[in-house]
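File shown: input.pdb (PDB, C-alpha atoms).
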```pdb
ATOM      1  CA  MET Q  29     -21.608 -26.142  -3.228
ATOM      2  CA  VAL Q  30     -18.325 -24.267  -2.799
ATOM      3  CA  HIS Q  31     -18.077 -22.293   0.435
ATOM      4  CA  TYR Q  32     -17.674 -18.501   0.242
ATOM      5  CA  ILE Q  33     -14.248 -18.672   1.907
ATOM      6  CA  GLU Q  34     -13.105 -21.446  -0.420
ATOM      7  CA  LYS Q  35     -13.974 -19.218  -3.384
ATOM      8  CA  LEU Q  36     -11.814 -16.445  -1.924
ATOM      9  CA  ILE Q  37      -8.941 -18.850  -1.245
ATOM     10  CA  ARG Q  38      -9.031 -20.060  -4.850
ATOM     11  CA  GLU Q  39      -8.279 -16.485  -5.936
ATOM     12  CA  GLY Q  40      -4.967 -16.729  -4.087
ATOM     13  CA  GLU Q  41      -3.132 -13.767  -2.607
ATOM     14  CA  HIS Q  42      -3.381 -10.581  -4.666
ATOM     15  CA  GLN Q  43      -3.564  -6.828  -4.284
ATOM     16  CA  GLN Q  44      -6.770  -6.976  -2.255
ATOM     17  CA  GLN Q  45      -6.280 -10.263  -0.440
ATOM     18  CA  ASP Q  46      -3.693 -11.734   1.925
ATOM     19  CA  PHE Q  47      -3.518 -15.031   3.824
ATOM     20  CA  LYS Q  48      -2.215 -15.293   7.383
ATOM     21  CA  PHE Q  49      -1.598 -18.641   9.071
ATOM     22  CA  CYS Q  50      -1.809 -16.915  12.471
ATOM     23  CA  ILE Q  51      -1.169 -13.569  14.140
ATOM     24  CA  THR Q  52       1.827 -13.505  16.469
ATOM     25  CA  ASP Q  53       2.692  -9.793  16.399
ATOM     26  CA  SER Q  54       0.189  -6.917  16.237
ATOM     27  CA  ARG Q  55       2.841  -4.561  14.873
ATOM     28  CA  LYS Q  56       3.469  -6.814  11.874
ATOM     29  CA  ILE Q  57      -0.214  -7.045  11.028
ATOM     30  CA  ALA Q  58      -0.509  -3.247  11.362
ATOM     31  CA  LYS Q  59       1.741  -3.030   8.292
ATOM     32  CA  SER Q  60      -0.826  -4.983   6.237
ATOM     33  CA  LEU Q  61      -3.721  -2.917   7.590
ATOM     34  CA  SER Q  62      -1.877   0.282   6.640
ATOM     35  CA  ALA Q  63      -1.163  -1.025   3.138
ATOM     36  CA  PHE Q  64      -4.773  -2.026   2.442
ATOM     37  CA  ALA Q  65      -6.201   1.212   3.856
ATOM     38  CA  ASN Q  66      -3.746   3.316   1.827
ATOM     39  CA  THR Q  67      -4.464   1.504  -1.440
ATOM     40  CA  ASN Q  68      -7.727  -0.126  -2.580
ATOM     41  CA  GLY Q  69      -8.801  -1.862   0.600
ATOM     42  CA  GLY Q  70      -8.794  -5.631   0.892
ATOM     43  CA  LYS Q  71      -9.252  -8.749   2.967
ATOM     44  CA  LEU Q  72      -7.097 -10.659   5.415
ATOM     45  CA  LEU Q  73      -8.005 -14.322   5.796
ATOM     46  CA  ILE Q  74      -6.619 -15.461   9.143
ATOM     47  CA  GLY Q  75      -6.156 -19.189   9.589
ATOM     48  CA  VAL Q  76      -5.153 -19.850   5.978
ATOM     49  CA  LYS Q  77      -1.638 -20.917   4.983
ATOM     50  CA  ASP Q  78       0.226 -19.380   2.036
ATOM     51  CA  ASN Q  79      -0.586 -22.461  -0.048
ATOM     52  CA  GLY Q  80      -4.312 -21.974   0.586
ATOM     53  CA  LYS Q  81      -4.726 -24.788   3.102
ATOM     54  CA  ILE Q  82      -7.120 -23.988   5.930
ATOM     55  CA  ALA Q  83      -5.416 -24.368   9.310
ATOM     56  CA  GLY Q  84      -7.986 -22.624  11.488
ATOM     57  CA  VAL Q  85      -7.532 -20.085  14.291
ATOM     58  CA  GLN Q  86      -8.493 -19.332  17.862
ATOM     59  CA  SER Q  87     -10.746 -16.528  16.649
ATOM     60  CA  ASP Q  88     -11.058 -14.519  19.893
ATOM     61  CA  GLU Q  89      -7.300 -14.229  20.397
ATOM     62  CA  GLU Q  90      -6.673 -13.389  16.737
ATOM     63  CA  PHE Q  91      -9.450 -10.776  16.709
ATOM     64  CA  TYR Q  92      -8.015  -8.885  19.686
ATOM     65  CA  MET Q  93      -4.555  -8.874  18.116
ATOM     66  CA  ILE Q  94      -6.058  -7.382  14.934
ATOM     67  CA  LYS Q  95      -7.947  -4.837  17.057
ATOM     68  CA  ALA Q  96      -4.713  -3.851  18.818
ATOM     69  CA  ALA Q  97      -2.951  -3.529  15.457
ATOM     70  CA  ALA Q  98      -5.696  -1.296  14.041
ATOM     71  CA  GLU Q  99      -6.099   0.938  17.103
ATOM     72  CA  MET Q 100      -2.723   0.990  18.867
ATOM     73  CA  TYR Q 101      -0.205   0.445  16.073
ATOM     74  CA  CYS Q 102      -1.900   2.293  13.194
ATOM     75  CA  ARG Q 103      -2.098   6.096  13.101
ATOM     76  CA  PRO Q 104      -4.765   7.186  12.394
ATOM     77  CA  LYS Q 105      -6.473   3.958  13.414
ATOM     78  CA  VAL Q 106      -7.741   1.671  10.658
ATOM     79  CA  PHE Q 107     -11.396   0.662  10.684
ATOM     80  CA  PHE Q 108     -12.243  -2.913   9.751
ATOM     81  CA  GLU Q 109     -15.093  -5.412   9.739
ATOM     82  CA  SER Q 110     -14.716  -9.023  10.857
ATOM     83  CA  LYS Q 111     -16.565 -12.274  10.389
ATOM     84  CA  ILE Q 112     -15.866 -15.834  11.501
ATOM     85  CA  TRP Q 113     -16.490 -18.694   9.067
ATOM     86  CA  THR Q 114     -16.398 -22.366  10.047
ATOM     87  CA  ILE Q 115     -15.315 -24.910   7.451
ATOM     88  CA  GLU Q 116     -15.008 -28.593   8.393
ATOM     89  CA  GLY Q 117     -14.725 -27.658  12.047
ATOM     90  CA  LYS Q 118     -12.005 -25.024  11.499
ATOM     91  CA  ASN Q 119     -12.488 -21.283  11.979
ATOM     92  CA  VAL Q 120     -11.316 -18.707   9.435
ATOM     93  CA  LEU Q 121     -11.365 -15.068  10.501
ATOM     94  CA  GLU Q 122     -12.175 -12.695   7.632
ATOM     95  CA  ILE Q 123     -10.983  -9.105   8.141
ATOM     96  CA  SER Q 124     -12.253  -6.546   5.611
ATOM     97  CA  ILE Q 125     -10.589  -3.128   5.250
ATOM     98  CA  SER Q 126     -12.060  -0.384   3.062
ATOM     99  CA  PRO Q 127      -9.991   2.192   1.163
ATOM    100  CA  SER Q 128      -9.465   5.078   3.560
ATOM    101  CA  SER Q 129     -10.236   8.760   3.153
ATOM    102  CA  GLN Q 130      -7.820   9.507   6.021
ATOM    103  CA  MET Q 131      -4.634   8.266   4.396
ATOM    104  CA  PRO Q 132      -1.810   8.071   4.897
ATOM    105  CA  HIS Q 133      -2.150   5.531   7.678
ATOM    106  CA  HIS Q 134       1.178   4.833   9.367
ATOM    107  CA  ALA Q 135       2.083   1.604  11.145
ATOM    108  CA  GLN Q 136       4.517   1.453  14.045
ATOM    109  CA  ASN Q 137       7.399  -0.987  13.553
ATOM    110  CA  GLU Q 138       9.318  -2.908  16.218
ATOM    111  CA  HIS Q 139      11.666   0.063  16.678
ATOM    112  CA  GLY Q 140       8.818   2.470  17.386
ATOM    113  CA  LYS Q 141       9.081   4.226  14.021
ATOM    114  CA  TRP Q 142       5.884   5.155  12.178
ATOM    115  CA  LEU Q 143       5.925   4.145   8.493
ATOM    116  CA  ALA Q 144       3.292   4.086   5.748
ATOM    117  CA  TYR Q 145       2.756   1.269   3.249
ATOM    118  CA  ILE Q 146       0.827   0.587   0.075
ATOM    119  CA  ARG Q 147      -0.263  -2.693  -1.487
ATOM    120  CA  LYS Q 148       0.904  -3.765  -4.943
ATOM    121  CA  ASN Q 149      -0.001  -7.193  -6.283
ATOM    122  CA  ASP Q 150       0.487  -9.528  -3.295
ATOM    123  CA  GLU Q 151       3.098  -7.456  -1.449
ATOM    124  CA  ASN Q 152       3.249  -4.481   0.917
ATOM    125  CA  HIS Q 153       5.673  -1.718  -0.037
ATOM    126  CA  LEU Q 154       7.070   1.091   2.080
ATOM    127  CA  VAL Q 155       5.814   4.492   0.933
ATOM    128  CA  ASN Q 156       8.548   6.984   0.056
ATOM    129  CA  LYS Q 157       8.693  10.702   0.814
ATOM    130  CA  ILE Q 158       7.465  11.637  -2.673
ATOM    131  CA  LEU Q 159       4.169   9.746  -2.379
ATOM    132  CA  LEU Q 160       3.621  11.107   1.134
ATOM    133  CA  GLU Q 161       4.026  14.625  -0.277
ATOM    134  CA  VAL Q 162       1.658  13.817  -3.167
ATOM    135  CA  TRP Q 163      -1.019  12.676  -0.686
ATOM    136  CA  LYS Q 164      -0.470  15.816   1.369
ATOM    137  CA  LYS Q 165      -0.892  18.129  -1.637
ATOM    138  CA  LYS Q 166      -3.926  16.242  -2.978
ATOM    139  CA  SER Q 167      -5.645  16.593   0.385
ATOM    140  CA  LYS Q 168      -5.486  20.395   0.112
ATOM    141  CA  PRO Q 169      -8.202  22.315  -1.782
ATOM    142  CA  THR Q 170      -5.645  24.584  -3.455
ATOM    143  CA  GLY Q 171      -4.233  23.689  -6.849
ATOM    144  CA  THR Q 172      -0.651  22.765  -7.659
ATOM    145  CA  TYR Q 173       1.293  25.167  -9.878
ATOM    146  CA  LEU Q 174       3.405  23.444 -12.513
ATOM    147  CA  GLU Q 175       6.112  25.328 -14.346
ATOM    148  CA  TYR Q 176       7.208  23.513 -17.509
ATOM    149  CA  THR Q 177      10.896  24.263 -17.851
ATOM    150  CA  ASP Q 178      13.752  22.685 -19.769
ATOM    151  CA  ILE Q 179      14.139  20.201 -16.899
ATOM    152  CA  GLU Q 180      10.585  18.879 -17.282
ATOM    153  CA  ARG Q 181      10.999  18.760 -21.065
ATOM    154  CA  ARG Q 182      14.184  16.687 -20.812
ATOM    155  CA  LEU Q 183      12.535  14.351 -18.311
ATOM    156  CA  MET Q 184       9.539  13.744 -20.594
ATOM    157  CA  GLU Q 185      11.806  13.203 -23.603
ATOM    158  CA  TYR Q 186      13.757  10.624 -21.590
ATOM    159  CA  LEU Q 187      10.568   8.834 -20.511
ATOM    160  CA  ASN Q 188       9.252   8.744 -24.062
ATOM    161  CA  SER Q 189      12.407   6.883 -25.065
ATOM    162  CA  ASN Q 190      13.203   4.832 -21.959
ATOM    163  CA  LYS Q 191       9.779   4.207 -20.353
ATOM    164  CA  GLU Q 192      10.906   4.699 -16.732
ATOM    165  CA  ILE Q 193      13.394   6.516 -14.529
ATOM    166  CA  SER Q 194      14.462   6.492 -10.873
ATOM    167  CA  GLN Q 195      14.902   9.618  -8.764
ATOM    168  CA  ASN Q 196      18.674   9.163  -8.790
ATOM    169  CA  GLN Q 197      18.701   8.789 -12.579
ATOM    170  CA  PHE Q 198      16.611  11.937 -12.892
ATOM    171  CA  CYS Q 199      19.083  13.868 -10.719
ATOM    172  CA  LYS Q 200      22.008  12.734 -12.871
ATOM    173  CA  LEU Q 201      20.161  13.341 -16.148
ATOM    174  CA  VAL Q 202      19.514  17.028 -15.500
ATOM    175  CA  LYS Q 203      22.155  17.633 -12.786
ATOM    176  CA  ILE Q 204      19.868  18.772  -9.975
ATOM    177  CA  SER Q 205      19.640  18.009  -6.249
ATOM    178  CA  ARG Q 206      17.436  15.234  -4.838
ATOM    179  CA  TYR Q 207      15.299  17.885  -3.171
ATOM    180  CA  LYS Q 208      14.590  19.708  -6.447
ATOM    181  CA  ALA Q 209      13.967  16.406  -8.264
ATOM    182  CA  GLU Q 210      11.542  15.441  -5.513
ATOM    183  CA  ARG Q 211       9.558  18.669  -5.874
ATOM    184  CA  ILE Q 212       9.293  18.260  -9.652
ATOM    185  CA  LEU Q 213       8.232  14.619  -9.434
ATOM    186  CA  VAL Q 214       5.568  15.461  -6.837
ATOM    187  CA  LYS Q 215       4.096  18.171  -9.089
ATOM    188  CA  LEU Q 216       4.080  15.935 -12.166
ATOM    189  CA  ILE Q 217       2.339  13.158 -10.229
ATOM    190  CA  CYS Q 218      -0.257  15.580  -8.836
ATOM    191  CA  TRP Q 219      -0.936  16.721 -12.395
ATOM    192  CA  ASN Q 220      -1.354  13.074 -13.504
ATOM    193  CA  VAL Q 221       1.480  13.465 -16.001
ATOM    194  CA  ILE Q 222       3.613  10.682 -14.527
ATOM    195  CA  ALA Q 223       2.937   7.705 -12.230
ATOM    196  CA  MET Q 224       4.945   5.837  -9.616
ATOM    197  CA  ASP Q 225       5.786   2.161  -9.903
ATOM    198  CA  PHE Q 226       6.825   0.449  -6.665
ATOM    199  CA  THR Q 227       8.929  -2.720  -6.687
ATOM    200  CA  GLU Q 228      10.577  -4.598  -3.834
ATOM    201  CA  ASN Q 229      13.899  -2.776  -4.200
ATOM    202  CA  SER Q 230      13.159   0.480  -5.986
ATOM    203  CA  THR Q 231      10.653   3.079  -7.127
ATOM    204  CA  LYS Q 232      10.453   4.113 -10.764
ATOM    205  CA  TYR Q 233       8.554   6.893 -12.520
ATOM    206  CA  LYS Q 234       6.854   6.567 -15.891
ATOM    207  CA  ILE Q 235       4.421   8.444 -18.108
ATOM    208  CA  LYS Q 236       0.861   8.099 -16.799
ATOM    209  CA  GLN Q 237      -1.236   5.935 -19.097
ATOM    210  CA  ASP Q 238      -4.923   6.705 -19.639
ATOM    211  CA  VAL Q 239      -7.133   4.013 -18.129
TER     212      VAL Q 239
END
```

Represent the structure of the file as structure tokens.
Amino acid sequence: MVHYIEKLIREGEHQQQDFKFCITDSRKIAKSLSAFANTNGGKLLIGVKDNGKIAGVQSDEEFYMIKAAAEMYCRPKVFFESKIWTIEGKNVLEISISPSSQMPHHAQNEHGKWLAYIRKNDENHLVNKILLEVWKKKSKPTGTYLEYTDIERRLMEYLNSNKEISQNQFCKLVKISRYKAERILVKLICWNVIAMDFTENSTKYKIKQDV
């Protein structure tokens, strides 16, 4: 019979699962906790190499480093559940994080700066100012007023033809400042007209598809 943890490992790393060989820096793990809490939640399997091989951990030490990451280096703190599994004499620490209703959760980096992250596929991505503003507006009970001007029309025409656009491209397309482009993009996202697509090096905006 296949062990529960082995079933998870066979899934590999994905949007809701990450492997960690060991924890050496609470600040670094805070980044992953922030990303899971700000997205769809997920699991950290501590004591598992990137290739899926079980290495095992000293569970007490690893747990307290996770606890420090969640409480000291995440703001607001991230709540998690933990469980230790033993497979062939090796311990795997399972950390489960639920999607948060308190987002955005920020993680403190090695320079003392507080940054927020989201999870996409098997990677953590830094949240930009636009998404932070979207979260802020969505947390308020008041609605968002959207004025559909020639600028919005030209943007939508461009997206219908080109599928995606960056903030800089948007600024050049309609000759507006980054600040004004930011405000328009935030409103369109709040209205579920467009969606953000994070990649390792850039953020693009595209027409929101019905799910």

Nearest to Phe226 in chain Q among Q:Leu187, Q:Val106, Q:Ile57, Q:Leu154, with distances taken over only C-alpha atoms: which residue is it?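 Smallest distance to Phe226 in chain Q is found for Q:Leu154.
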
Contact residues around Asp78 in chain Q with only C-alpha atoms at 10 Å, ignoring same-chain residues under 3 positions, as a PyMOL selection string: chain Q and resi 37+40-41+46-49+75+81-82

To test your reading of the syntax: which residues would the PyMOL selection byres ((chain Q and resi 94) around 8) return for the file shown? Reply as a PyMOL selection string. chain Q and resi 51+54+57-58+90-93+95-98

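Run against this file, the PyMOL selection byres ((chain Q and resi 235) around 8) gives back Met184, Leu187, Asn188, Lys191, Glu192, Val221, Ile222, Ala223, Tyr233, Lys234, Lys236 and Gln237 of chain Q.
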
Calculate how many Å separate CA of Cys199 in chain Q from CA of Ile158 in chain Q, rounding to one decimal. 14.3 Å

Minimum-distance residue to Asn68 in chain Q, chosen among Q:Thr52, Q:Ser110, Q:Ser128, Q:Asn152 (using all atoms listed in the file):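 Comparing Q:Thr52, Q:Ser110, Q:Ser128, Q:Asn152 against Asn68 in chain Q, the winner is Q:Ser128.
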
Pick out the closest residue to Gln195 in chain Q from this set: Q:Tyr207, Q:Phe107, Q:Tyr101, Q:Phe64. Count only C-alpha atoms. Q:Tyr207

Could you check how far CA of Ile212 in chain Q sits from CA of His133 in chain Q, in Å to one decimal?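 Answer for the CA of Ile212 in chain Q to CA of His133 in chain Q separation: 24.4 Å.
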
Name the residues that the PyMOL selection byres ((chain Q and resi 200-206) around 12) picks from the file above, as a ChimeraX atom specification, using the file's chain letters and numbers. /Q:157-158,177-187,193-199,207-213

Set the distance at 9 Å and use all atoms listed in the file: which residues neighbour Asn149 in chain Q once local chain neighbours fewer than 4 positions away are removed? I'd like the list as a PDB file with C-alpha atoms, in the coordinates of the input.
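And here's part.pdb as it stands now:
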```
ATOM      1  CA  GLU Q  41      -3.132 -13.767  -2.607  1.00  0.00           C
ATOM      2  CA  HIS Q  42      -3.381 -10.581  -4.666  1.00  0.00           C
ATOM      3  CA  GLN Q  43      -3.564  -6.828  -4.284  1.00  0.00           C
ATOM      4  CA  GLN Q  44      -6.770  -6.976  -2.255  1.00  0.00           C
TER       5      GLN Q  44
END
```
